[in-house]
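Below: start-v6.pdb (PDB, N, CA and C atoms)
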ATOM      1  N   MET V   1       0.836  -1.181   0.000  1.00  0.00           N
ATOM      2  CA  MET V   1       0.000   0.000   0.000  1.00  0.00           C
ATOM      3  C   MET V   1       0.883   1.248   0.000  1.00  0.00           C
ATOM      4  N   VAL V   2       0.473   2.258  -0.741  1.00  0.00           N
ATOM      5  CA  VAL V   2       1.220   3.498  -0.856  1.00  0.00           C
ATOM      6  C   VAL V   2       0.903   4.392   0.330  1.00  0.00           C
ATOM      7  N   GLU V   3       1.953   4.908   0.947  1.00  0.00           N
ATOM      8  CA  GLU V   3       1.767   5.798   2.095  1.00  0.00           C
ATOM      9  C   GLU V   3       1.395   7.188   1.598  1.00  0.00           C
ATOM     10  N   GLN V   4       0.367   7.779   2.192  1.00  0.00           N
ATOM     11  CA  GLN V   4      -0.061   9.120   1.821  1.00  0.00           C
ATOM     12  C   GLN V   4       0.566  10.130   2.764  1.00  0.00           C
ATOM     13  N   ARG V   5       1.063  11.203   2.169  1.00  0.00           N
ATOM     14  CA  ARG V   5       1.677  12.276   2.944  1.00  0.00           C
ATOM     15  C   ARG V   5       0.974  13.575   2.628  1.00  0.00           C
ATOM     16  N   ARG V   6       0.655  14.346   3.640  1.00  0.00           N
ATOM     17  CA  ARG V   6       0.023  15.649   3.421  1.00  0.00           C
ATOM     18  C   ARG V   6       1.103  16.716   3.410  1.00  0.00           C
ATOM     19  N   ILE V   7       1.048  17.569   2.391  1.00  0.00           N
ATOM     20  CA  ILE V   7       1.999  18.675   2.262  1.00  0.00           C
ATOM     21  C   ILE V   7       1.184  19.962   2.179  1.00  0.00           C
ATOM     22  N   ALA V   8       1.564  20.937   2.971  1.00  0.00           N
ATOM     23  CA  ALA V   8       0.878  22.233   2.947  1.00  0.00           C
ATOM     24  C   ALA V   8       1.167  22.933   1.625  1.00  0.00           C
ATOM     25  N   LEU V   9       0.230  23.719   1.162  1.00  0.00           N
ATOM     26  CA  LEU V   9       0.371  24.435  -0.102  1.00  0.00           C
ATOM     27  C   LEU V   9       1.582  25.356  -0.088  1.00  0.00           C
ATOM     28  N   VAL V  10       1.857  25.977   1.032  1.00  0.00           N
ATOM     29  CA  VAL V  10       3.008  26.874   1.150  1.00  0.00           C
ATOM     30  C   VAL V  10       4.302  26.094   0.957  1.00  0.00           C
ATOM     31  N   ASP V  11       4.396  24.893   1.535  1.00  0.00           N
ATOM     32  CA  ASP V  11       5.594  24.076   1.369  1.00  0.00           C
ATOM     33  C   ASP V  11       5.766  23.625  -0.075  1.00  0.00           C
ATOM     34  N   LEU V  12       4.673  23.288  -0.728  1.00  0.00           N
ATOM     35  CA  LEU V  12       4.723  22.880  -2.126  1.00  0.00           C
ATOM     36  C   LEU V  12       5.206  24.031  -3.010  1.00  0.00           C
ATOM     37  N   LEU V  13       4.668  25.222  -2.796  1.00  0.00           N
ATOM     38  CA  LEU V  13       5.096  26.398  -3.568  1.00  0.00           C
ATOM     39  C   LEU V  13       6.562  26.730  -3.314  1.00  0.00           C
ATOM     40  N   ASP V  14       7.006  26.583  -2.073  1.00  0.00           N
ATOM     41  CA  ASP V  14       8.400  26.848  -1.738  1.00  0.00           C
ATOM     42  C   ASP V  14       9.321  25.891  -2.488  1.00  0.00           C
ATOM     43  N   ARG V  15       8.967  24.629  -2.548  1.00  0.00           N
ATOM     44  CA  ARG V  15       9.787  23.643  -3.268  1.00  0.00           C
ATOM     45  C   ARG V  15       9.803  23.919  -4.764  1.00  0.00           C
ATOM     46  N   LEU V  16       8.653  24.291  -5.327  1.00  0.00           N
ATOM     47  CA  LEU V  16       8.583  24.565  -6.761  1.00  0.00           C
ATOM     48  C   LEU V  16       9.384  25.804  -7.135  1.00  0.00           C
ATOM     49  N   LEU V  17       9.248  26.874  -6.351  1.00  0.00           N
ATOM     50  CA  LEU V  17       9.934  28.122  -6.662  1.00  0.00           C
ATOM     51  C   LEU V  17      11.433  28.033  -6.428  1.00  0.00           C
ATOM     52  N   ALA V  18      11.871  27.162  -5.526  1.00  0.00           N
ATOM     53  CA  ALA V  18      13.305  27.002  -5.282  1.00  0.00           C
ATOM     54  C   ALA V  18      14.010  26.478  -6.524  1.00  0.00           C
ATOM     55  N   GLY V  19      13.356  25.601  -7.273  1.00  0.00           N
ATOM     56  CA  GLY V  19      13.950  25.058  -8.484  1.00  0.00           C
ATOM     57  C   GLY V  19      13.500  25.770  -9.734  1.00  0.00           C
ATOM     58  N   GLY V  20      12.377  26.464  -9.681  1.00  0.00           N
ATOM     59  CA  GLY V  20      11.821  27.142 -10.848  1.00  0.00           C
ATOM     60  C   GLY V  20      10.759  26.290 -11.519  1.00  0.00           C
ATOM     61  N   VAL V  21       9.799  26.947 -12.124  1.00  0.00           N
ATOM     62  CA  VAL V  21       8.695  26.279 -12.800  1.00  0.00           C
ATOM     63  C   VAL V  21       8.534  26.916 -14.176  1.00  0.00           C
ATOM     64  N   VAL V  22       8.365  26.087 -15.194  1.00  0.00           N
ATOM     65  CA  VAL V  22       8.102  26.578 -16.540  1.00  0.00           C
ATOM     66  C   VAL V  22       6.666  26.228 -16.893  1.00  0.00           C
ATOM     67  N   ILE V  23       5.905  27.231 -17.314  1.00  0.00           N
ATOM     68  CA  ILE V  23       4.515  27.038 -17.726  1.00  0.00           C
ATOM     69  C   ILE V  23       4.434  27.363 -19.207  1.00  0.00           C
ATOM     70  N   SER V  24       3.857  26.449 -19.975  1.00  0.00           N
ATOM     71  CA  SER V  24       3.694  26.726 -21.401  1.00  0.00           C
ATOM     72  C   SER V  24       2.331  26.233 -21.854  1.00  0.00           C
ATOM     73  N   GLY V  25       1.793  26.905 -22.855  1.00  0.00           N
ATOM     74  CA  GLY V  25       0.486  26.515 -23.370  1.00  0.00           C
ATOM     75  C   GLY V  25       0.203  27.176 -24.704  1.00  0.00           C
ATOM     76  N   ASP V  26      -0.742  26.618 -25.412  1.00  0.00           N
ATOM     77  CA  ASP V  26      -1.174  27.144 -26.707  1.00  0.00           C
ATOM     78  C   ASP V  26      -2.680  27.331 -26.686  1.00  0.00           C
ATOM     79  N   LEU V  27      -3.136  28.425 -27.269  1.00  0.00           N
ATOM     80  CA  LEU V  27      -4.568  28.687 -27.380  1.00  0.00           C
ATOM     81  C   LEU V  27      -4.856  29.103 -28.810  1.00  0.00           C
ATOM     82  N   THR V  28      -5.793  28.412 -29.450  1.00  0.00           N
ATOM     83  CA  THR V  28      -6.154  28.727 -30.832  1.00  0.00           C
ATOM     84  C   THR V  28      -7.655  28.927 -30.922  1.00  0.00           C
ATOM     85  N   LEU V  29      -8.065  30.062 -31.473  1.00  0.00           N
ATOM     86  CA  LEU V  29      -9.472  30.347 -31.720  1.00  0.00           C
ATOM     87  C   LEU V  29      -9.739  30.019 -33.181  1.00  0.00           C
ATOM     88  N   ARG V  30     -10.628  29.053 -33.406  1.00  0.00           N
ATOM     89  CA  ARG V  30     -10.861  28.542 -34.749  1.00  0.00           C
ATOM     90  C   ARG V  30     -12.355  28.545 -35.041  1.00  0.00           C
ATOM     91  N   ILE V  31     -12.719  29.034 -36.213  1.00  0.00           N
ATOM     92  CA  ILE V  31     -14.111  28.997 -36.680  1.00  0.00           C
ATOM     93  C   ILE V  31     -14.112  28.377 -38.067  1.00  0.00           C
ATOM     94  N   ALA V  32     -14.913  27.344 -38.254  1.00  0.00           N
ATOM     95  CA  ALA V  32     -15.058  26.648 -39.544  1.00  0.00           C
ATOM     96  C   ALA V  32     -13.697  26.220 -40.095  1.00  0.00           C
ATOM     97  N   ASP V  33     -12.882  25.617 -39.225  1.00  0.00           N
ATOM     98  CA  ASP V  33     -11.550  25.122 -39.595  1.00  0.00           C
ATOM     99  C   ASP V  33     -10.615  26.207 -40.117  1.00  0.00           C
ATOM    100  N   VAL V  34     -10.846  27.449 -39.695  1.00  0.00           N
ATOM    101  CA  VAL V  34      -9.959  28.559 -40.046  1.00  0.00           C
ATOM    102  C   VAL V  34      -9.416  29.136 -38.739  1.00  0.00           C
ATOM    103  N   ASP V  35      -8.093  29.100 -38.589  1.00  0.00           N
ATOM    104  CA  ASP V  35      -7.473  29.661 -37.390  1.00  0.00           C
ATOM    105  C   ASP V  35      -7.539  31.180 -37.445  1.00  0.00           C
ATOM    106  N   LEU V  36      -8.218  31.777 -36.465  1.00  0.00           N
ATOM    107  CA  LEU V  36      -8.341  33.232 -36.417  1.00  0.00           C
ATOM    108  C   LEU V  36      -7.308  33.860 -35.500  1.00  0.00           C
ATOM    109  N   VAL V  37      -7.116  33.265 -34.320  1.00  0.00           N
ATOM    110  CA  VAL V  37      -6.182  33.812 -33.337  1.00  0.00           C
ATOM    111  C   VAL V  37      -5.401  32.651 -32.738  1.00  0.00           C
ATOM    112  N   ARG V  38      -4.086  32.837 -32.610  1.00  0.00           N
ATOM    113  CA  ARG V  38      -3.251  31.836 -31.963  1.00  0.00           C
ATOM    114  C   ARG V  38      -2.373  32.542 -30.950  1.00  0.00           C
ATOM    115  N   VAL V  39      -2.368  32.029 -29.715  1.00  0.00           N
ATOM    116  CA  VAL V  39      -1.572  32.610 -28.638  1.00  0.00           C
ATOM    117  C   VAL V  39      -0.691  31.514 -28.063  1.00  0.00           C
ATOM    118  N   ASP V  40       0.613  31.767 -28.013  1.00  0.00           N
ATOM    119  CA  ASP V  40       1.563  30.859 -27.375  1.00  0.00           C
ATOM    120  C   ASP V  40       2.028  31.508 -26.073  1.00  0.00           C
ATOM    121  N   LEU V  41       1.966  30.750 -24.990  1.00  0.00           N
ATOM    122  CA  LEU V  41       2.353  31.270 -23.681  1.00  0.00           C
ATOM    123  C   LEU V  41       3.521  30.458 -23.152  1.00  0.00           C
ATOM    124  N   LYS V  42       4.573  31.166 -22.750  1.00  0.00           N
ATOM    125  CA  LYS V  42       5.709  30.531 -22.099  1.00  0.00           C
ATOM    126  C   LYS V  42       6.124  31.443 -20.957  1.00  0.00           C
ATOM    127  N   ALA V  43       6.163  30.905 -19.745  1.00  0.00           N
ATOM    128  CA  ALA V  43       6.514  31.699 -18.575  1.00  0.00           C
ATOM    129  C   ALA V  43       7.444  30.908 -17.672  1.00  0.00           C
ATOM    130  N   LEU V  44       8.434  31.576 -17.115  1.00  0.00           N
ATOM    131  CA  LEU V  44       9.338  30.982 -16.139  1.00  0.00           C
ATOM    132  C   LEU V  44       9.086  31.672 -14.807  1.00  0.00           C
ATOM    133  N   ILE V  45       8.767  30.887 -13.804  1.00  0.00           N
ATOM    134  CA  ILE V  45       8.498  31.425 -12.473  1.00  0.00           C
ATOM    135  C   ILE V  45       9.546  30.856 -11.529  1.00  0.00           C
ATOM    136  N   SER V  46      10.249  31.741 -10.837  1.00  0.00           N
ATOM    137  CA  SER V  46      11.325  31.320  -9.962  1.00  0.00           C
ATOM    138  C   SER V  46      11.434  32.288  -8.799  1.00  0.00           C
ATOM    139  N   SER V  47      12.035  31.829  -7.725  1.00  0.00           N
ATOM    140  CA  SER V  47      12.239  32.716  -6.577  1.00  0.00           C
ATOM    141  C   SER V  47      13.439  33.620  -6.835  1.00  0.00           C
ATOM    142  N   VAL V  48      13.508  34.716  -6.103  1.00  0.00           N
ATOM    143  CA  VAL V  48      14.581  35.687  -6.249  1.00  0.00           C
ATOM    144  C   VAL V  48      15.418  35.653  -4.983  1.00  0.00           C
ATOM    145  N   SER V  49      16.732  35.665  -5.170  1.00  0.00           N
ATOM    146  CA  SER V  49      17.636  35.618  -4.028  1.00  0.00           C
ATOM    147  C   SER V  49      18.755  36.632  -4.242  1.00  0.00           C
ATOM    148  N   ALA V  50      19.213  37.246  -3.170  1.00  0.00           N
ATOM    149  CA  ALA V  50      20.309  38.210  -3.257  1.00  0.00           C
ATOM    150  C   ALA V  50      21.625  37.505  -3.579  1.00  0.00           C
ATOM    151  N   GLU V  51      21.703  36.204  -3.349  1.00  0.00           N
ATOM    152  CA  GLU V  51      22.932  35.451  -3.592  1.00  0.00           C
ATOM    153  C   GLU V  51      23.122  35.121  -5.077  1.00  0.00           C
ATOM    154  N   VAL V  52      22.048  35.177  -5.850  1.00  0.00           N
ATOM    155  CA  VAL V  52      22.119  34.858  -7.283  1.00  0.00           C
ATOM    156  C   VAL V  52      22.186  36.176  -8.047  1.00  0.00           C
ATOM    157  N   PRO V  53      23.234  36.368  -8.869  1.00  0.00           N
ATOM    158  CA  PRO V  53      23.353  37.643  -9.599  1.00  0.00           C
ATOM    159  C   PRO V  53      22.286  37.786 -10.673  1.00  0.00           C
ATOM    160  N   SER V  54      21.922  39.015 -10.961  1.00  0.00           N
ATOM    161  CA  SER V  54      20.943  39.314 -11.987  1.00  0.00           C
ATOM    162  C   SER V  54      21.561  39.095 -13.368  1.00  0.00           C
ATOM    163  N   PRO V  55      20.834  38.485 -14.306  1.00  0.00           N
ATOM    164  CA  PRO V  55      21.392  38.295 -15.652  1.00  0.00           C
ATOM    165  C   PRO V  55      21.502  39.610 -16.426  1.00  0.00           C
ATOM    166  N   TRP V  56      20.884  40.692 -15.959  1.00  0.00           N
ATOM    167  CA  TRP V  56      20.903  41.977 -16.646  1.00  0.00           C
ATOM    168  C   TRP V  56      21.931  42.930 -16.086  1.00  0.00           C
ATOM    169  N   GLY V  57      22.700  42.520 -15.107  1.00  0.00           N
ATOM    170  CA  GLY V  57      23.726  43.383 -14.528  1.00  0.00           C
ATOM    171  C   GLY V  57      23.173  44.264 -13.414  1.00  0.00           C
ATOM    172  N   GLU V  58      24.022  45.117 -12.923  1.00  0.00           N
ATOM    173  CA  GLU V  58      23.654  46.008 -11.827  1.00  0.00           C
ATOM    174  C   GLU V  58      22.815  47.171 -12.334  1.00  0.00           C
ATOM    175  N   PRO V  59      21.762  47.582 -11.583  1.00  0.00           N
ATOM    176  CA  PRO V  59      20.969  48.748 -11.992  1.00  0.00           C
ATOM    177  C   PRO V  59      21.784  50.023 -11.868  1.00  0.00           C
ATOM    178  N   VAL V  60      21.478  50.982 -12.737  1.00  0.00           N
ATOM    179  CA  VAL V  60      22.213  52.261 -12.751  1.00  0.00           C
ATOM    180  C   VAL V  60      21.536  53.266 -11.878  1.00  0.00           C
TER     181      VAL V  60
END
Once more with this new file: its structure as structure tokens, please.
Amino acid sequence: MVEQRRIALVDLLDRLLAGGVVISGDLTLRIADVDLVRVDLKALISSVSAEVPSPWGEPV
């Protein structure tokens, strides 16, 4: 039997943000087999730390 473990939502979010999460998706609006609108979504969600340098350099 598989042991069930309860994890608080805050702990789950902390674990996900520590490593980073990539969200991607596609949305297509189609009428009569004709694509009218297509939206591609790609997002990277990660935590911010003072120990990790910014990829854009120091602010002026």
Considering all atoms listed in the file, state which residue in the set V:Leu41, V:Val48, V:Leu12, V:Ile7 is at the smallest distance from V:Asp26. V:Leu41
Between V:Thr28, V:Ala18, V:Asp11, V:Arg5, single out the one closest to V:Ser49, counting only C-alpha atoms. V:Ala18
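Residues matched by the PyMOL selection byres ((chain V and resi 24) around 7) in this structure: Val22, Ile23, Gly25, Asp26, Asp40, Leu41, Lys42 and Ala43 of chain V.
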In Å, with one decimal, what is the gap from atom N of V:Leu27 to atom CA of V:Ile45? 19.1 Å
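Our summary of the geometry notes that atom C of V:Arg38 is positioned 27.7 Å from atom CA of V:Leu16.
What separates atom CA of V:Ala50 from atom CA of V:Arg15 is a distance of 18.0 Å.
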Find the smallest box with edges along x, y and z containing every listed atom of stretch 28-39 of chain V, then add 6 Å on each side and report centre and edge lengths in Å to one decimal, as AutoDock Vina command-line options.
--center_x -7.9 --center_y 29.5 --center_z -34.1 --size_x 26.4 --size_y 20.7 --size_z 24.1
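Each of V:Val39, V:Glu3, V:Ser46, V:Ile31 was checked against V:Gly19 using all atoms listed in the file; the smallest atom-to-atom distance is that of V:Ser46.
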Check chain V with DSSP on the backbone and list each residue it calls helix (DSSP H, G or I), as a PyMOL selection string. chain V and resi 9-19
Step one, run DSSP on the backbone; step two, keep only residues of stretch 7-51 of chain V assigned to strand (DSSP E or B); then write them as number ranges by chain. V: 21-31, 34-45
